[in-house]
file work_14.cif (mmCIF, C-alpha atoms and all ligand atoms)
data_run
loop_
_atom_site.label_atom_id
_atom_site.label_comp_id
_atom_site.auth_asym_id
_atom_site.auth_seq_id
_atom_site.Cartn_x
_atom_site.Cartn_y
_atom_site.Cartn_z
CA MET D 1 -42.93 -15.39 -38.52
CA LEU D 2 -40.40 -17.06 -36.27
CA ASP D 3 -37.69 -14.59 -35.30
CA ARG D 4 -34.31 -16.34 -35.50
CA PHE D 5 -32.80 -13.69 -33.32
CA GLN D 6 -34.82 -14.32 -30.18
CA PRO D 7 -32.56 -14.96 -27.16
CA LYS D 8 -32.54 -18.46 -25.69
CA PRO D 9 -31.25 -19.66 -22.31
CA GLU D 10 -28.32 -21.43 -24.00
CA ASP D 11 -27.12 -18.05 -25.32
CA LYS D 12 -26.30 -17.24 -21.67
CA PHE D 13 -27.22 -13.55 -21.98
CA VAL D 14 -27.00 -11.66 -18.72
CA PHE D 15 -27.64 -8.11 -17.53
CA GLY D 16 -26.48 -6.62 -14.25
CA LEU D 17 -29.11 -5.09 -11.97
CA TRP D 18 -27.20 -1.82 -12.45
CA THR D 19 -27.51 -1.94 -16.26
CA LEU D 20 -31.24 -2.06 -16.94
CA GLY D 21 -31.75 -0.46 -13.54
CA SER D 22 -29.62 2.60 -14.37
CA VAL D 23 -31.53 5.78 -13.62
CA GLY D 24 -29.43 7.74 -16.10
CA ARG D 25 -27.41 9.87 -13.71
CA ASP D 26 -24.21 11.35 -15.14
CA PRO D 27 -21.58 13.74 -13.74
CA PHE D 28 -23.57 16.68 -15.12
CA GLY D 29 -27.14 15.59 -14.61
CA GLU D 30 -29.62 14.13 -12.16
CA PRO D 31 -31.49 10.86 -12.72
CA VAL D 32 -33.92 10.83 -15.63
CA ARG D 33 -35.76 7.63 -14.71
CA ASP D 34 -37.45 6.53 -11.48
CA ARG D 35 -35.50 4.07 -9.39
CA LYS D 36 -36.86 0.51 -9.65
CA SER D 37 -36.53 -2.14 -6.96
CA PRO D 38 -34.15 -5.05 -7.64
CA MET D 39 -37.19 -7.31 -7.97
CA GLU D 40 -38.70 -5.05 -10.66
CA ILE D 41 -35.40 -4.85 -12.54
CA ALA D 42 -34.99 -8.63 -12.44
CA ARG D 43 -38.49 -9.05 -13.88
CA MET D 44 -37.62 -6.62 -16.66
CA ILE D 45 -34.43 -8.61 -17.40
CA ALA D 46 -36.49 -11.80 -17.57
CA ASP D 47 -39.15 -10.08 -19.72
CA ILE D 48 -36.72 -9.23 -22.48
CA GLY D 49 -35.57 -12.85 -22.61
CA ALA D 50 -32.22 -12.88 -20.83
CA TRP D 51 -30.96 -15.93 -18.93
CA GLY D 52 -29.36 -14.32 -15.92
CA VAL D 53 -28.90 -11.33 -13.65
CA ASN D 54 -25.65 -10.15 -12.09
CA LEU D 55 -25.44 -8.01 -8.99
CA HIS D 56 -23.31 -5.93 -6.66
CA ASP D 57 -24.08 -6.40 -2.97
CA ASN D 58 -25.66 -2.93 -2.83
CA ASP D 59 -27.69 -3.31 -6.03
CA LEU D 60 -29.70 -5.75 -3.96
CA ILE D 61 -29.18 -4.71 -0.36
CA PRO D 62 -28.69 -1.08 0.68
CA ILE D 63 -25.38 -0.50 2.44
CA ASP D 64 -27.14 0.42 5.71
CA ALA D 65 -29.89 -2.24 5.71
CA SER D 66 -30.64 -3.90 9.06
CA PRO D 67 -30.33 -7.72 9.34
CA THR D 68 -34.14 -8.03 9.19
CA GLU D 69 -34.32 -5.85 6.07
CA GLN D 70 -31.52 -7.88 4.50
CA ASP D 71 -33.36 -11.16 5.10
CA HIS D 72 -36.57 -9.74 3.69
CA ILE D 73 -34.93 -8.48 0.48
CA LYS D 74 -33.05 -11.74 -0.01
CA SER D 75 -36.18 -13.82 0.33
CA GLU D 76 -38.08 -11.51 -2.10
CA PHE D 77 -35.24 -11.83 -4.59
CA HIS D 78 -35.15 -15.63 -4.25
CA LYS D 79 -38.87 -15.61 -5.07
CA VAL D 80 -38.37 -13.55 -8.24
CA LEU D 81 -35.57 -15.85 -9.37
CA ALA D 82 -37.76 -18.91 -8.83
CA GLU D 83 -40.69 -17.25 -10.58
CA THR D 84 -38.72 -16.06 -13.63
CA GLY D 85 -36.13 -18.85 -13.89
CA LEU D 86 -33.32 -16.27 -13.91
CA VAL D 87 -29.93 -17.42 -12.59
CA VAL D 88 -27.22 -15.31 -10.92
CA PRO D 89 -24.01 -16.28 -12.73
CA MET D 90 -21.86 -13.51 -11.23
CA ALA D 91 -21.76 -11.35 -8.14
CA THR D 92 -19.48 -8.51 -7.09
CA THR D 93 -18.89 -5.89 -4.41
CA ASN D 94 -19.58 -2.22 -4.70
CA LEU D 95 -16.24 -0.76 -3.58
CA PHE D 96 -16.64 2.58 -5.29
CA THR D 97 -19.90 4.44 -4.50
CA ASP D 98 -19.65 5.11 -0.78
CA PRO D 99 -17.45 8.10 0.23
CA ILE D 100 -15.31 5.79 2.37
CA PHE D 101 -13.82 4.49 -0.89
CA LYS D 102 -12.77 7.90 -2.21
CA ASP D 103 -9.09 6.86 -2.00
CA GLY D 104 -9.67 3.28 -3.12
CA ALA D 105 -10.65 0.09 -1.32
CA PHE D 106 -7.85 -2.52 -1.15
CA THR D 107 -5.27 0.07 -2.21
CA ALA D 108 -6.46 2.92 0.02
CA ASN D 109 -3.79 4.50 2.17
CA ASP D 110 -5.91 4.32 5.34
CA PRO D 111 -5.73 0.75 6.75
CA ARG D 112 -9.23 1.18 8.26
CA VAL D 113 -10.59 1.61 4.74
CA ARG D 114 -8.67 -1.44 3.50
CA ALA D 115 -9.96 -3.55 6.39
CA TYR D 116 -13.54 -2.34 5.87
CA ALA D 117 -13.25 -3.18 2.16
CA VAL D 118 -12.17 -6.71 3.09
CA GLN D 119 -15.06 -7.07 5.54
CA LYS D 120 -17.59 -5.75 3.00
CA THR D 121 -16.28 -8.11 0.34
CA LEU D 122 -16.41 -11.16 2.65
CA ASN D 123 -20.11 -10.43 3.25
CA ALA D 124 -20.67 -9.88 -0.46
CA ILE D 125 -18.98 -13.19 -1.32
CA ASP D 126 -21.39 -14.92 1.10
CA LEU D 127 -24.27 -13.14 -0.62
CA GLY D 128 -23.01 -14.31 -4.03
CA ALA D 129 -22.69 -17.88 -2.75
CA GLU D 130 -26.23 -17.74 -1.37
CA PHE D 131 -27.46 -17.01 -4.91
CA ASN D 132 -25.18 -19.66 -6.37
CA ALA D 133 -22.92 -17.26 -8.30
CA LYS D 134 -19.96 -19.17 -9.72
CA ILE D 135 -17.97 -16.11 -10.72
CA TYR D 136 -16.97 -13.32 -8.37
CA VAL D 137 -15.86 -10.11 -10.09
CA PHE D 138 -13.49 -7.48 -8.80
CA TRP D 139 -13.62 -4.16 -10.60
CA GLY D 140 -11.31 -1.77 -8.82
CA GLY D 141 -13.34 1.33 -9.60
CA ARG D 142 -11.46 3.48 -7.10
CA GLU D 143 -8.14 1.62 -7.08
CA GLY D 144 -6.07 4.41 -8.53
CA VAL D 145 -4.91 7.97 -8.06
CA GLU D 146 -5.19 11.47 -9.40
CA THR D 147 -1.60 12.20 -8.38
CA ASP D 148 1.27 9.77 -7.94
CA ALA D 149 2.33 11.83 -4.94
CA ALA D 150 -0.46 9.99 -3.13
CA LYS D 151 0.78 6.44 -3.34
CA ASN D 152 3.66 4.26 -4.38
CA PRO D 153 2.30 2.08 -7.22
CA VAL D 154 4.29 -0.89 -5.91
CA ASP D 155 2.51 -0.60 -2.54
CA ALA D 156 -0.79 -0.56 -4.45
CA ILE D 157 0.12 -3.80 -6.22
CA LYS D 158 1.13 -5.45 -2.94
CA ARG D 159 -2.05 -4.35 -1.15
CA ASN D 160 -4.20 -5.60 -4.00
CA ARG D 161 -2.37 -8.94 -3.98
CA GLU D 162 -2.75 -9.34 -0.23
CA ALA D 163 -6.52 -8.76 -0.47
CA LEU D 164 -7.00 -11.20 -3.36
CA ASN D 165 -4.94 -13.88 -1.63
CA PHE D 166 -7.16 -13.41 1.43
CA PHE D 167 -10.35 -13.91 -0.61
CA CYS D 168 -9.01 -16.99 -2.40
CA GLU D 169 -8.25 -18.59 0.99
CA TYR D 170 -11.71 -17.61 2.24
CA ILE D 171 -13.44 -19.18 -0.79
CA LEU D 172 -11.38 -22.34 -0.30
CA ASP D 173 -12.09 -22.37 3.44
CA LYS D 174 -15.82 -22.05 2.84
CA LYS D 175 -15.66 -24.61 0.00
CA TYR D 176 -17.59 -22.26 -2.25
CA ASP D 177 -17.76 -23.33 -5.89
CA MET D 178 -16.57 -19.93 -7.03
CA LYS D 179 -13.84 -18.41 -9.16
CA ILE D 180 -12.61 -14.85 -9.28
CA ALA D 181 -12.54 -12.62 -12.37
CA LEU D 182 -10.60 -9.34 -12.33
CA GLU D 183 -11.86 -6.49 -14.48
CA PRO D 184 -9.34 -3.92 -15.73
CA LYS D 185 -10.06 -0.31 -16.67
CA PRO D 186 -7.48 2.40 -17.44
CA ASN D 187 -9.20 5.43 -15.88
CA GLU D 188 -12.56 6.84 -14.76
CA PRO D 189 -13.65 7.37 -12.08
CA ARG D 190 -10.00 7.79 -10.94
CA GLY D 191 -7.50 9.78 -12.97
CA ASP D 192 -5.44 6.62 -13.46
CA MET D 193 -6.31 3.14 -12.29
CA TYR D 194 -3.92 0.31 -11.39
CA ASN D 195 -3.83 -2.86 -13.50
CA ALA D 196 -5.17 -0.79 -16.38
CA THR D 197 -5.60 -3.40 -19.11
CA ILE D 198 -6.14 -7.11 -19.71
CA GLY D 199 -2.39 -7.53 -20.13
CA HIS D 200 -1.60 -5.93 -16.77
CA MET D 201 -4.20 -8.13 -15.09
CA LEU D 202 -2.92 -11.36 -16.63
CA ALA D 203 0.59 -10.63 -15.41
CA PHE D 204 -0.68 -9.72 -11.93
CA ILE D 205 -2.72 -12.94 -11.63
CA GLU D 206 0.40 -15.07 -12.03
CA THR D 207 1.83 -13.47 -8.87
CA LEU D 208 -1.09 -14.59 -6.65
CA ASP D 209 -1.02 -17.57 -4.27
CA HIS D 210 -3.84 -19.31 -6.17
CA PRO D 211 -3.55 -18.17 -9.79
CA GLU D 212 -5.71 -21.13 -10.87
CA MET D 213 -8.71 -19.57 -9.10
CA VAL D 214 -8.35 -16.20 -10.76
CA GLY D 215 -9.03 -15.06 -14.33
CA VAL D 216 -10.18 -11.89 -16.05
CA ASN D 217 -13.46 -10.15 -16.86
CA PRO D 218 -12.53 -7.93 -19.80
CA GLU D 219 -14.90 -5.18 -20.95
CA THR D 220 -15.04 -3.84 -24.52
CA ALA D 221 -15.28 -0.19 -23.50
CA HIS D 222 -12.40 -0.37 -21.06
CA GLU D 223 -9.89 -1.66 -23.62
CA HIS D 224 -11.19 0.79 -26.23
CA MET D 225 -10.69 3.64 -23.74
CA ALA D 226 -7.04 2.59 -23.64
CA GLY D 227 -6.96 2.57 -27.45
CA LEU D 228 -6.47 -1.19 -27.61
CA ASN D 229 -7.80 -4.01 -29.77
CA PHE D 230 -10.32 -5.77 -27.51
CA LEU D 231 -10.30 -9.02 -29.46
CA HIS D 232 -6.53 -9.38 -29.06
CA GLY D 233 -6.80 -8.99 -25.29
CA VAL D 234 -9.71 -11.42 -25.08
CA ALA D 235 -7.85 -13.93 -27.26
CA GLN D 236 -4.77 -13.72 -25.06
CA ALA D 237 -6.87 -14.30 -21.95
CA TRP D 238 -8.62 -17.22 -23.63
CA GLU D 239 -5.39 -18.79 -24.84
CA CYS D 240 -4.01 -18.96 -21.30
CA GLY D 241 -7.28 -20.26 -19.84
CA LYS D 242 -8.18 -17.00 -18.09
CA LEU D 243 -11.34 -15.83 -19.85
CA PHE D 244 -13.66 -16.45 -16.90
CA HIS D 245 -16.29 -13.84 -17.79
CA ILE D 246 -16.86 -11.04 -20.32
CA ASP D 247 -18.50 -7.60 -20.22
CA LEU D 248 -19.87 -6.66 -23.63
CA ASN D 249 -20.74 -3.11 -24.64
CA ASP D 250 -19.38 -0.49 -27.02
CA GLN D 251 -17.38 2.68 -26.89
CA ARG D 252 -15.88 5.28 -29.19
CA PHE D 253 -12.11 5.49 -28.85
CA GLY D 254 -10.73 8.46 -26.96
CA ARG D 255 -13.97 9.30 -25.13
CA TYR D 256 -15.31 9.08 -21.59
CA ASP D 257 -16.71 5.72 -20.42
CA GLN D 258 -19.74 5.45 -22.69
CA ASP D 259 -21.08 1.95 -21.93
CA PHE D 260 -23.08 1.89 -25.17
CA ARG D 261 -25.32 -0.90 -26.46
CA PHE D 262 -23.26 -3.85 -27.70
CA GLY D 263 -22.06 -3.44 -31.30
CA MET D 264 -23.43 0.06 -31.63
CA VAL D 265 -20.21 1.86 -32.52
CA ASP D 266 -17.78 -0.54 -34.14
CA ILE D 267 -19.75 -3.33 -35.76
CA LYS D 268 -16.73 -4.95 -37.41
CA SER D 269 -14.83 -5.29 -34.13
CA ALA D 270 -17.99 -6.65 -32.52
CA PHE D 271 -18.33 -9.14 -35.38
CA PHE D 272 -14.80 -10.51 -34.99
CA LEU D 273 -15.29 -10.70 -31.24
CA VAL D 274 -18.54 -12.67 -31.52
CA LYS D 275 -16.97 -14.87 -34.17
CA PHE D 276 -14.06 -15.56 -31.83
CA LEU D 277 -16.25 -16.39 -28.83
CA GLU D 278 -18.39 -18.71 -30.93
CA ASP D 279 -15.49 -20.31 -32.83
CA VAL D 280 -13.63 -21.21 -29.63
CA LYS D 281 -16.91 -22.25 -27.98
CA TYR D 282 -16.55 -19.90 -25.02
CA ASP D 283 -19.21 -21.24 -22.69
CA GLY D 284 -19.32 -18.53 -20.03
CA ALA D 285 -21.95 -15.84 -19.59
CA ARG D 286 -22.30 -13.06 -22.16
CA HIS D 287 -22.83 -10.15 -19.83
CA PHE D 288 -23.97 -6.87 -21.34
CA ASP D 289 -22.46 -4.27 -19.05
CA ALA D 290 -23.97 -1.21 -20.68
CA HIS D 291 -26.60 1.47 -20.21
CA ALA D 292 -29.49 2.81 -22.26
CA PHE D 293 -29.13 6.40 -23.44
CA ARG D 294 -30.16 8.98 -20.90
CA THR D 295 -32.93 10.02 -23.28
CA GLU D 296 -34.88 6.80 -22.72
CA ASP D 297 -37.82 5.84 -20.54
CA TYR D 298 -38.11 2.19 -19.39
CA GLU D 299 -39.56 1.15 -22.78
CA GLY D 300 -36.37 2.52 -24.30
CA VAL D 301 -34.33 0.67 -21.68
CA LYS D 302 -35.94 -2.58 -22.81
CA ASP D 303 -35.23 -1.67 -26.45
CA PHE D 304 -31.61 -1.18 -25.41
CA GLY D 305 -31.46 -4.59 -23.70
CA ARG D 306 -33.13 -6.41 -26.58
CA GLY D 307 -30.79 -4.61 -28.98
CA CYS D 308 -27.66 -5.93 -27.23
CA MET D 309 -28.85 -9.52 -27.55
CA ARG D 310 -30.23 -9.12 -31.06
CA THR D 311 -26.98 -7.64 -32.37
CA TYR D 312 -25.01 -10.48 -30.75
CA LEU D 313 -27.25 -13.11 -32.38
CA ILE D 314 -27.17 -11.43 -35.79
CA LEU D 315 -23.37 -11.29 -35.61
CA LYS D 316 -23.28 -14.94 -34.57
CA ASP D 317 -25.33 -15.75 -37.65
CA LYS D 318 -22.97 -13.67 -39.80
CA ALA D 319 -20.00 -15.52 -38.28
CA GLU D 320 -21.51 -18.85 -39.36
CA GLN D 321 -22.05 -17.39 -42.82
CA TRP D 322 -18.40 -16.22 -42.92
CA ASN D 323 -17.19 -19.68 -41.90
CA LYS D 324 -19.27 -21.30 -44.65
CA ASP D 325 -18.61 -18.79 -47.42
CA ARG D 326 -16.64 -20.62 -50.10
CA GLU D 327 -14.88 -17.59 -51.53
CA ILE D 328 -13.87 -16.35 -48.10
CA GLN D 329 -12.75 -19.79 -47.00
CA SER D 330 -10.72 -20.42 -50.14
CA LEU D 331 -8.90 -17.13 -49.50
CA VAL D 332 -8.28 -18.14 -45.88
CA GLU D 333 -7.01 -21.52 -47.03
CA GLU D 334 -4.67 -19.96 -49.56
CA LEU D 335 -3.35 -17.52 -46.95
CA ASN D 336 -2.41 -20.36 -44.67
CA SER D 337 -1.14 -22.76 -47.31
CA ASP D 338 2.22 -24.39 -46.68
CA LYS D 339 4.31 -22.71 -49.39
CA ASP D 340 7.31 -24.86 -50.43
CA GLY D 341 6.64 -27.12 -47.42
CA ALA D 342 8.37 -24.48 -45.26
CA SER D 343 6.35 -25.36 -42.17
CA ALA D 344 8.56 -28.43 -41.70
CA LEU D 345 11.40 -26.03 -40.92
CA LEU D 346 9.51 -24.62 -37.95
CA GLY D 347 8.75 -26.07 -34.56
CA THR D 348 10.57 -27.18 -31.46
CA TYR D 349 14.31 -26.78 -31.32
CA SER D 350 16.34 -29.84 -32.33
CA PRO D 351 19.79 -30.36 -33.92
CA GLU D 352 18.12 -31.68 -37.12
CA ARG D 353 15.80 -28.71 -37.42
CA LEU D 354 18.62 -26.34 -36.68
CA ALA D 355 20.70 -27.87 -39.46
CA LYS D 356 17.78 -27.75 -41.92
CA ILE D 357 16.88 -24.16 -41.26
CA ARG D 358 20.53 -23.13 -41.57
CA ALA D 359 20.89 -25.00 -44.85
CA THR D 360 17.82 -23.55 -46.55
CA ASN D 361 18.15 -20.81 -49.15
CA PHE D 362 15.26 -18.37 -48.92
CA ASP D 363 14.47 -16.28 -52.00
CA ARG D 364 13.75 -13.17 -49.96
CA ILE D 365 12.89 -10.96 -52.94
CA GLU D 366 10.55 -13.50 -54.50
CA ILE D 367 8.76 -14.31 -51.21
CA ALA D 368 8.18 -10.62 -50.55
CA LYS D 369 6.41 -10.22 -53.90
CA ARG D 370 3.43 -12.25 -52.77
CA GLY D 371 0.18 -10.30 -52.51
CA MET D 372 -1.85 -11.41 -49.51
CA ALA D 373 -5.34 -10.48 -50.81
CA TYR D 374 -6.33 -9.06 -47.44
CA GLU D 375 -8.10 -6.20 -49.22
CA ARG D 376 -10.36 -8.67 -51.00
CA LEU D 377 -10.92 -10.70 -47.86
CA ASP D 378 -11.81 -7.64 -45.84
CA GLN D 379 -14.19 -6.29 -48.53
CA LEU D 380 -15.93 -9.68 -48.68
CA THR D 381 -16.32 -9.40 -44.91
CA MET D 382 -17.72 -5.88 -45.32
CA ASP D 383 -20.17 -7.06 -48.01
CA LEU D 384 -21.30 -9.85 -45.72
CA LEU D 385 -21.72 -7.52 -42.75
CA MET D 386 -23.56 -4.93 -44.78
CA GLY D 387 -25.98 -7.58 -45.96
CA VAL D 388 -25.25 -7.69 -49.67
CA ARG D 389 -23.61 -11.09 -49.66
C1 LIG D 401 -19.59 -0.40 -12.97
C2 LIG D 401 -18.48 -0.53 -13.98
C3 LIG D 401 -18.44 -1.83 -14.65
C4 LIG D 401 -18.16 -2.98 -13.71
C5 LIG D 401 -19.21 -3.20 -12.70
C6 LIG D 401 -18.72 -4.21 -11.70
S1 LIG D 401 -19.88 -1.80 -12.02
O1 LIG D 401 -20.79 -0.11 -13.60
O2 LIG D 401 -18.63 0.50 -14.96
O3 LIG D 401 -17.55 -1.88 -15.72
O4 LIG D 401 -18.16 -4.16 -14.48
O5 LIG D 401 -18.33 -3.69 -10.51
MN MN D 402 -17.84 -3.92 -16.58
MN MN D 403 -17.74 0.43 -18.44
#

call {"tool": "encode", "arguments": {"input": "work_14.cif", "output": "structure tokens"}}
result
Amino acid sequence: MLDRFQPKPEDKFVFGLWTLGSVGRDPFGEPVRDRKSPMEIARMIADIGAWGVNLHDNDLIPIDASPTEQDHIKSEFHKVLAETGLVVPMATTNLFTDPIFKDGAFTANDPRVRAYAVQKTLNAIDLGAEFNAKIYVFWGGREGVETDAAKNPVDAIKRNREALNFFCEYILDKKYDMKIALEPKPNEPRGDMYNATIGHMLAFIETLDHPEMVGVNPETAHEHMAGLNFLHGVAQAWECGKLFHIDLNDQRFGRYDQDFRFGMVDIKSAFFLVKFLEDVKYDGARHFDAHAFRTEDYEGVKDFGRGCMRTYLILKDKAEQWNKDREIQSLVEELNSDKDGASALLGTYSPERLAKIRATNFDRIEIAKRGMAYERLDQLTMDLLMGVR
């Protein structure tokens, strides 16, 4: 039987080398899986039916590789891409693993560290361009503090801005076809991280020299860690033209960074997110930035990867069903109906509109009596999601 939920290239499903390649280390335990080479991980990503592979510089090339080793690895990776048809939609820099970044990268207090971070990123941007990555992500994993005695947060903002302005000029100089996407996270691995949420990032972007080159890469888990509604953040980024990339996974509220399989924890939030991305025709990559449980071997890792894509496609199907469901749609229509033609009173300021709105008598008590039927609408959604509709 044909499986409707098989991933296709047009779904633009992507996994980072670090996702399927995760060896399952955590702060309390050693790796549980053998390390695979980037070529092996890419083959695994292609095997499960994804379209692309994302990478940090050091997922591909060890930080201390000689120029000859670098060339060798790059040519091997090019071969795997050609062989599997995988694309590299996004690249990024690892600015968090090496001990030099213990106090941050662009926001570190030591200018040698900041300068090294710039140099490392310039090389990593070149690497991304070599593999044709159109999006360059910045996740400031160590851009934060444990104590505010360490750093003035305003200095941190200024240092971050200076670095991003530098990279925008570099990309322009080199004429790379590349945009930048900033990924917020509130904490972990640092006690507190700067530009903690989508909202912080959007405001920061507007202060850059080339805001048009810079958008966001929101991640489900990161907003949930901050106790926020992910869809609302994503929608705000979308509405101002800044949703350049997205990291999909799942996360229980109030926990450590769990990076669970997409849709695993909060299926209803995942549903409304997928519905949003599909309704607005978001055409960027759907990147699953998540990890298999530490209990899994590589068969389990593949189950995890397939599960992310399958859940997305099932939810996409459910979203179509929701949009076509007559009872649901008649409720939605009624909710948005233009009662008493009141919408004519709203809109841009003008003397006529001002006069009209002033002259209208609103029956406050009567209007407030209206039941909105959100309970019914939500239960219909639940029925649909639980498969009884
Ligand atoms: C790291 C982090 C992710 C970021 C990646 C990009 S690496 O695994 O947890 O959220 O997207 O640097
Ligand atoms: Mn991420
Ligand atoms: Mn994460």

call {"tool": "closest_residue", "arguments": {"input": "work_14.cif", "among": "D:Met386, D:Ile63, D:Met193, D:Ala105", "to": "Glu146 in chain D", "atoms": "all atoms listed in the file"}}
result
D:Met193

call {"tool": "closest_atom_pairs", "arguments": {"input": "work_14.cif", "of": "chain D", "to": "ligand LIG 401 (chain D)", "cutoff": "10 Å", "atoms": "all atoms listed in the file", "output": "CSV"}}
result
residue,atom,partner,partner_atom,distance
D:Gly16,CA,D:LIG401,C5,8.2
D:Leu17,CA,D:LIG401,S1,9.8
D:Trp18,CA,D:LIG401,O1,6.7
D:Thr19,CA,D:LIG401,O1,7.5
D:Ser22,CA,D:LIG401,O1,9.3
D:Asn54,CA,D:LIG401,C6,9.1
D:Leu55,CA,D:LIG401,C6,8.2
D:His56,CA,D:LIG401,O5,6.7
D:Asp57,CA,D:LIG401,O5,9.9
D:Asp59,CA,D:LIG401,S1,10.0
D:Met90,CA,D:LIG401,C6,9.8
D:Ala91,CA,D:LIG401,C6,8.5
D:Thr92,CA,D:LIG401,O5,6.0
D:Thr93,CA,D:LIG401,O5,6.5
D:Asn94,CA,D:LIG401,O5,6.1
D:Leu95,CA,D:LIG401,O5,7.8
D:Phe96,CA,D:LIG401,O5,8.3
D:Thr97,CA,D:LIG401,C1,9.8
D:Tyr136,CA,D:LIG401,C6,9.9
D:Val137,CA,D:LIG401,C6,6.8
D:Phe138,CA,D:LIG401,O5,6.4
D:Trp139,CA,D:LIG401,O5,4.7
D:Gly140,CA,D:LIG401,O5,7.5
D:Gly141,CA,D:LIG401,C2,7.0
D:Leu182,CA,D:LIG401,O4,9.4
D:Glu183,CA,D:LIG401,O4,6.7
D:Pro184,CA,D:LIG401,O3,8.5
D:Lys185,CA,D:LIG401,O3,7.7
D:Glu188,CA,D:LIG401,O2,8.8
D:Pro189,CA,D:LIG401,O2,9.0
D:Asn217,CA,D:LIG401,O4,8.0
D:Pro218,CA,D:LIG401,O4,8.6
D:Glu219,CA,D:LIG401,O3,6.7
D:Thr220,CA,D:LIG401,O3,9.4
D:Ala221,CA,D:LIG401,O3,8.3
D:His222,CA,D:LIG401,O3,7.6
D:Ile246,CA,D:LIG401,O4,9.1
D:Asp247,CA,D:LIG401,O4,6.7
D:Leu248,CA,D:LIG401,O3,9.5
D:Asn249,CA,D:LIG401,O3,9.6
D:Asp257,CA,D:LIG401,O2,7.8
D:Gln258,CA,D:LIG401,O2,9.2
D:Asp259,CA,D:LIG401,O2,7.5
D:His287,CA,D:LIG401,O4,9.3
D:Phe288,CA,D:LIG401,O4,9.4
D:Asp289,CA,D:LIG401,O4,6.3
D:Ala290,CA,D:LIG401,O1,7.8
D:His291,CA,D:LIG401,O1,8.9

call {"tool": "residues_near_point", "arguments": {"input": "work_14.cif", "point": "(-31.0, -3.7, -30.0)", "cutoff": "12 Å", "atoms": "all atoms listed in the file", "output": "ChimeraX atom specification"}}
result
/D:5-7,48,249,260-264,288,290-292,300-314

call {"tool": "residues_around", "arguments": {"input": "work_14.cif", "residues": "Ile367 in chain D", "least_positions_apart": "6", "cutoff": "12 Å", "atoms": "all atoms listed in the file", "output": "PDB file with C-alpha atoms, keeping the file's coordinate frame"}}
result
ATOM      1  CA  LYS D 339       4.310 -22.710 -49.390  1.00  0.00           C
ATOM      2  CA  ASP D 340       7.310 -24.860 -50.430  1.00  0.00           C
ATOM      3  CA  ALA D 342       8.370 -24.480 -45.260  1.00  0.00           C
ATOM      4  CA  ASN D 361      18.150 -20.810 -49.150  1.00  0.00           C
TER       5      ASN D 361
END

call {"tool": "atom_distance", "arguments": {"input": "work_14.cif", "atom1": "CA of Pro9 in chain D", "atom2": "CA of Ile45 in chain D"}}
result
12.5 Å

call {"tool": "closest_residue", "arguments": {"input": "work_14.cif", "among": "D:Arg114, D:Arg255, D:Lys174, D:Lys158", "to": "ligand MN 403 (chain D)", "atoms": "all atoms listed in the file"}}
result
D:Arg255

call {"tool": "closest_residue", "arguments": {"input": "work_14.cif", "among": "D:Ala181, D:Val32, D:Ala46, D:Ile100", "to": "ligand MN 402 (chain D)", "atoms": "all atoms listed in the file"}}
result
D:Ala181

call {"tool": "residues_near_point", "arguments": {"input": "work_14.cif", "point": "(-32.8, -8.4, -8.9)", "cutoff": "8 Å", "atoms": "all atoms listed in the file", "output": "list in words"}}
result
Leu17, Ser37, Pro38, Met39, Glu40, Ile41, Ala42, Arg43, Val53, Leu55, Asp59, Leu60, Phe77, Val80 and Leu81 of chain D

call {"tool": "residues_around", "arguments": {"input": "work_14.cif", "residues": "Ala133 in chain D", "least_positions_apart": "3", "cutoff": "6 Å", "atoms": "only C-alpha atoms", "output": "PyMOL selection string"}}
result
chain D and resi 88-90+128-129

call {"tool": "closest_residue", "arguments": {"input": "work_14.cif", "among": "D:Glu130, D:Asp363, D:Asp325, D:Asp250", "to": "ligand MN 403 (chain D)", "atoms": "only C-alpha atoms and all ligand atoms"}}
result
D:Asp250

call {"tool": "atom_distance", "arguments": {"input": "work_14.cif", "atom1": "CA of Leu208 in chain D", "atom2": "CA of Ile135 in chain D"}}
result
17.4 Å

call {"tool": "atom_distance", "arguments": {"input": "work_14.cif", "atom1": "CA of Gly227 in chain D", "atom2": "CA of Thr147 in chain D"}}
result
22.0 Å

call {"tool": "closest_residue", "arguments": {"input": "work_14.cif", "among": "D:Val216, D:Ala156, D:Val23, D:Ala203", "to": "ligand MN 402 (chain D)", "atoms": "only C-alpha atoms and all ligand atoms"}}
result
D:Val216

call {"tool": "closest_residue", "arguments": {"input": "work_14.cif", "among": "D:Met225, D:Met382, D:Ile171, D:Leu164", "to": "ligand MN 403 (chain D)", "atoms": "all atoms listed in the file"}}
result
D:Met225

call {"tool": "axis_aligned_box", "arguments": {"input": "work_14.cif", "around": "range 39-51 of chain D", "padding_each_side": "6 Å", "output": "lines of an AutoDock Vina configuration file"}}
result
center_x = -35.1
center_y = -10.4
center_z = -15.3
size_x = 20.2
size_y = 23.1
size_z = 26.6

call {"tool": "residues_around", "arguments": {"input": "work_14.cif", "residues": "Gly371 in chain D", "least_positions_apart": "5", "cutoff": "12 Å", "atoms": "all atoms listed in the file", "output": "JSON, numbers by chain"}}
result
{"D": [331, 334, 335, 366, 376]}
